[in-house]
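Inspection log for the structure reproduced underneath, given as structure tokens.
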Amino acid sequence: MQIEGGAAGVAGDGADSADLQVPLCVDLDGTLIKSDTLLELLLKLLKRNPLYLLVLPLWWVRGRAQFKARVAAHETLEADRLPFQPQLIDFIREQHRAGRPTILVTGANRRTAAQVAAQAGCFDEVIASDETVNLAGAAKRDALVARFGERGFDYVGNELADLPVLAAARQALIAGPSLPLRRALRTARLPVARLFDDRPAALAALLSAIRVKQWVKNLLLAVPLVLAHEVADPRRLIAVAAAMFAFCLTSSAAYLLNDLLDLDADRHHPIKKHRPLASGALSITVAAAVAPALLVAAVAVALALPRPFLLSLLAYFVCTVSYSVYLKRVVLVDVIMLAGLYTLRILAGGAAAAVEISQWLAAFATFFFLSMALLKRYSELQRLVVEKRLAPRGRGYTTRDVQQIAAFGSGSGYVAALVMALYINSPEVTRLYSRPQLLWLMCVLVIYWISRAWLMADRGELDDDPILFALTDKVSYAVGILAGLVLLAASW
């Protein structure tokens with residue numbers, strides 16, 4: 001791809017007044033915004049009512065133009081939250097202020113295009129698809145040539161479908177180019193007057209989107225093996241390692257699906273708006289392709305493990321999807337589901353290693369992770385209190401619930417410590433530990449960590465996710481090391 005310098009004659013970069021008479025035509029999807037409006041509308045439509053899956057094929061057989069029109073008629077975008085290409089939008093506004101005709105020319109339906117153009121506030125006109133014409137590729141080129149003549153306009157595009165239009169333009173400008181377009185431009189030796197691209201590397205964006213750092217949560221699958229004192233068994237150790245890998249793949253697939261369904265809510269969040277999908281760093285098509293691939297790979301690994309583990313893995317995915325689609329909006333059900341997902345990891349670890357899960361461990365995990373889930377909600381509400389907002393988007397809570405959430409959460413944490421204390425006095429302990437009285441130190445450590453976490457949350461010093469907070473907290477590391485030493489001492 002040949003890129004000409006700033007003296008290439010682009011208006012506003014050393015160009016004469018004649019250049020200001022040449023219309024600047026700009027594509028929408030992937031160019032003006034780092035996303036695809038049709039795909040975003042489809043995701044919103046299916047999230048609102050999954051039964052539209054039955055209707056979409058009927059719309060599709062009527063042609064792409066009709067399909068886009070029907071989707072646009074049933075859903076609208078929050079144009080003010082779309083991830084605009086910042087360098088390009090600044091350039092267009094500069095040209096617009098200088099008096100140059102600026103036109104949004106897109107294959108998106110005109111209803112959607114008009115919304116985006118109104119939000120951008122720098123276009124004189126919108127040329128878009130309607131119910132009969134799909135304005136993409138050669139159709140877009142023909143429309144612009146008929147209107148302005150061959151070489152009578154400059155065009156900004158990003159996809160391979162834009163190549164005919166770029167070839168017919170006076171100057172070709174590129175924003176966020178796809179890999180196929182880059183290759184085609186090199187082959188065609190088509191000079192590019194200007195390149196706008198601030199996206200990170202695709203692989204880096206994907207790794208961020210699949211939340212590799214969240215994989216540490218799947219270490220919970222090893223808890224049953226450790227507590228059963230079976231770590232020295234290589235067969236069970238390998239089984240748990242494979243199970244953890246399967247859960248990592250499944251959780252990443254679930255994260256991608258969650259982010260696809262939560263684009264609007266994430267863009268309203270001060271931190272989540274920087275996620276790869278919400279910010280446009282990762283394309284919707286890539287995420288939609290990778291998610292099922294990860295799930296298939298996870299199931300393939302699970303098939304080599306005991307059947308109860310496969311059922312646990314599928315249950316985890318179904319529960320995660322249910323949470324993302326609906327349950328996260330139901331008060332208290334959402335935190336119970338989050339606690340259940342953590343506990344399910346422990347149960348799945350036991351299934352993979354063929355280790356029986358005691359009722360004591362299941363009870364402790366349930367109350368402890370319920371406390372952590374409530375702590376997560378409490379931290380979110382505390383941030384809203386500081387920002388003087390009433391309720392988080394897409395949740396059933398308001399800032400009036402802060403005190404009650406704190407009561408539920410701290411109480412649940414102390415019940416977890418009580419379960420541990422009762423376990424220490426149970427007959428089962430003497431079978432596994434030679435010095436069970438030392439386990440009382442574990443109760444002290446649990447009470448200290450839970451109390452400190454809630455205190456820090458009340459001070460606004462805790463991130464949304466307490467588990468990830470623990471991974472960066474030196475005190476939490478110290479508590480974890482001490483807990484490990486206590487278990488070792490009690491076992492000797």
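Starting from 1 in every chain, residues are counted up; chains themselves are A, B, ... following the order of the structure tokens, and ligands are numbered from 1 as listed.
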Using DSSP on the backbone coordinates, identify all residues within range 147-329 of chain A classified as strand (DSSP E or B); present the result as a PyMOL selection string. chain A and resi 154-157+171-175+191-196
In range 155-278 of chain A, what's alpha helix (DSSP H) per DSSP? Answer as an NGL selection string? :A and (163-168 or 179-188 or 202-209 or 223-227 or 234-261 or 263-267 or 276-278)
Take the residues just selected and output them with C-alpha atoms as a tab-separated table (two decimals), in the first residue's frame.
chain	number	residue	atom	x	y	z
A	163	LEU	CA	-11.83	-0.87	-3.68
A	164	PRO	CA	-13.98	0.00	-6.78
A	165	VAL	CA	-14.94	3.31	-5.17
A	166	LEU	CA	-11.37	4.10	-4.15
A	167	ALA	CA	-10.18	3.36	-7.70
A	168	ALA	CA	-12.76	5.77	-9.15
A	179	LEU	CA	-6.13	-6.96	5.83
A	180	PRO	CA	-7.78	-7.89	2.48
A	181	LEU	CA	-7.92	-4.22	1.49
A	182	ARG	CA	-4.26	-3.71	2.39
A	183	ARG	CA	-3.31	-6.63	0.16
A	184	ALA	CA	-5.54	-5.44	-2.68
A	185	LEU	CA	-4.11	-1.93	-2.54
A	186	ARG	CA	-0.58	-3.31	-2.79
A	187	THR	CA	-1.53	-5.50	-5.73
A	188	ALA	CA	-3.37	-2.71	-7.55
A	202	ALA	CA	-5.58	-7.50	16.27
A	203	LEU	CA	-3.94	-10.23	18.38
A	204	ALA	CA	-3.42	-7.87	21.33
A	205	ALA	CA	-7.07	-6.77	21.15
A	206	LEU	CA	-8.26	-10.38	21.01
A	207	LEU	CA	-6.14	-11.44	23.98
A	208	SER	CA	-7.56	-8.54	25.95
A	209	ALA	CA	-11.12	-9.45	24.92
A	223	VAL	CA	-9.08	-26.81	45.28
A	224	PRO	CA	-10.74	-30.26	45.70
A	225	LEU	CA	-7.50	-32.01	44.72
A	226	VAL	CA	-5.48	-29.95	47.20
A	227	LEU	CA	-7.92	-30.34	50.09
A	234	PRO	CA	-0.08	-37.62	38.49
A	235	ARG	CA	-3.20	-38.97	36.79
A	236	ARG	CA	-5.51	-36.72	38.76
A	237	LEU	CA	-3.14	-33.80	38.44
A	238	ILE	CA	-3.12	-34.08	34.65
A	239	ALA	CA	-6.91	-34.39	34.62
A	240	VAL	CA	-7.32	-31.21	36.66
A	241	ALA	CA	-4.84	-29.35	34.44
A	242	ALA	CA	-6.84	-30.36	31.35
A	243	ALA	CA	-10.06	-29.35	33.09
A	244	MET	CA	-8.62	-25.93	33.92
A	245	PHE	CA	-7.63	-25.46	30.28
A	246	ALA	CA	-11.15	-26.37	29.13
A	247	PHE	CA	-12.65	-23.91	31.61
A	248	CYS	CA	-10.26	-21.18	30.40
A	249	LEU	CA	-11.45	-21.67	26.83
A	250	THR	CA	-15.11	-21.79	27.88
A	251	SER	CA	-14.88	-18.71	30.09
A	252	SER	CA	-13.20	-16.77	27.27
A	253	ALA	CA	-15.99	-17.77	24.88
A	254	ALA	CA	-18.50	-16.58	27.47
A	255	TYR	CA	-16.64	-13.28	27.94
A	256	LEU	CA	-16.76	-12.61	24.19
A	257	LEU	CA	-20.47	-13.42	24.07
A	258	ASN	CA	-21.12	-11.20	27.08
A	259	ASP	CA	-19.28	-8.27	25.51
A	260	LEU	CA	-21.15	-8.72	22.23
A	261	LEU	CA	-24.48	-8.54	24.03
A	263	LEU	CA	-21.99	-3.18	23.91
A	264	ASP	CA	-24.35	-0.38	24.89
A	265	ALA	CA	-24.06	-0.95	28.65
A	266	ASP	CA	-20.27	-1.19	28.46
A	267	ARG	CA	-20.04	2.10	26.56
A	276	PRO	CA	-11.88	-4.09	22.86
A	277	LEU	CA	-15.40	-4.62	21.49
A	278	ALA	CA	-16.97	-1.56	23.10
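The residue that comes closest to Pro292 in chain A, out of A:Val331, A:Val126, A:Asn134, A:Phe317 and on the basis of only C-alpha atoms, is A:Phe317.
The shortest atom-to-atom distance to Leu338 in chain A, with only C-alpha atoms taken into account, belongs to A:Ser371 out of A:Ser371, A:Asn49, A:Gln382, A:Thr31.
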Contacts of Ala453 in chain A at 12 Å or less, counting only C-alpha atoms, minus same-chain residues fewer than 2 places along, as a VMD selection string? chain A and resid 371 to 372 374 to 376 378 to 379 406 409 to 410 413 446 to 451 455 to 467 469 to 470 473 475 to 476
What's the separation between CA of Leu344 in chain A and CA of Gly484 in chain A, in Å to one decimal place?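 If I compute the distance from CA of Leu344 in chain A to CA of Gly484 in chain A, I get 22.6 Å.
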Spatial neighbours of range 97-103 of chain A, max dist 9 Å, only C-alpha atoms, sep filter under 3 positions, as a VMD selection string: chain A and resid 11 to 12 19 to 27 92 to 94 122 to 127
Export, as a PDB file, in the first residue's frame, the selected residues with C-alpha atoms.
ATOM      1  CA  ALA A  11      -7.546  19.741   1.524  1.00  0.00           C
ATOM      2  CA  GLY A  12      -6.441  21.188   4.827  1.00  0.00           C
ATOM      3  CA  ASP A  19      -9.353  21.129  -3.428  1.00  0.00           C
ATOM      4  CA  LEU A  20     -12.079  22.469  -1.170  1.00  0.00           C
ATOM      5  CA  GLN A  21     -14.506  22.184  -4.071  1.00  0.00           C
ATOM      6  CA  VAL A  22     -13.984  18.421  -4.340  1.00  0.00           C
ATOM      7  CA  PRO A  23     -16.544  16.561  -2.209  1.00  0.00           C
ATOM      8  CA  LEU A  24     -15.142  14.425   0.581  1.00  0.00           C
ATOM      9  CA  CYS A  25     -17.175  11.197   0.649  1.00  0.00           C
ATOM     10  CA  VAL A  26     -16.836   9.027   3.752  1.00  0.00           C
ATOM     11  CA  ASP A  27     -17.873   5.432   4.382  1.00  0.00           C
ATOM     12  CA  ILE A  92     -13.692  15.673   8.499  1.00  0.00           C
ATOM     13  CA  ARG A  93     -14.655  18.449  10.892  1.00  0.00           C
ATOM     14  CA  GLU A  94     -11.646  20.457   9.792  1.00  0.00           C
ATOM     15  CA  CYS A 122     -19.986  17.465  10.222  1.00  0.00           C
ATOM     16  CA  PHE A 123     -21.818  16.164   7.148  1.00  0.00           C
ATOM     17  CA  ASP A 124     -23.718  18.207   4.591  1.00  0.00           C
ATOM     18  CA  GLU A 125     -25.508  15.214   3.127  1.00  0.00           C
ATOM     19  CA  VAL A 126     -26.172  11.506   3.593  1.00  0.00           C
ATOM     20  CA  ILE A 127     -26.269   9.009   0.730  1.00  0.00           C
TER      21      ILE A 127
END
Env of Leu221 in chain A: 6 Å cut, atoms = only C-alpha atoms, seq-sep filter 3 positions within chain, self excluded. Answer as number ranges by chain. A: 218, 345-346, 349
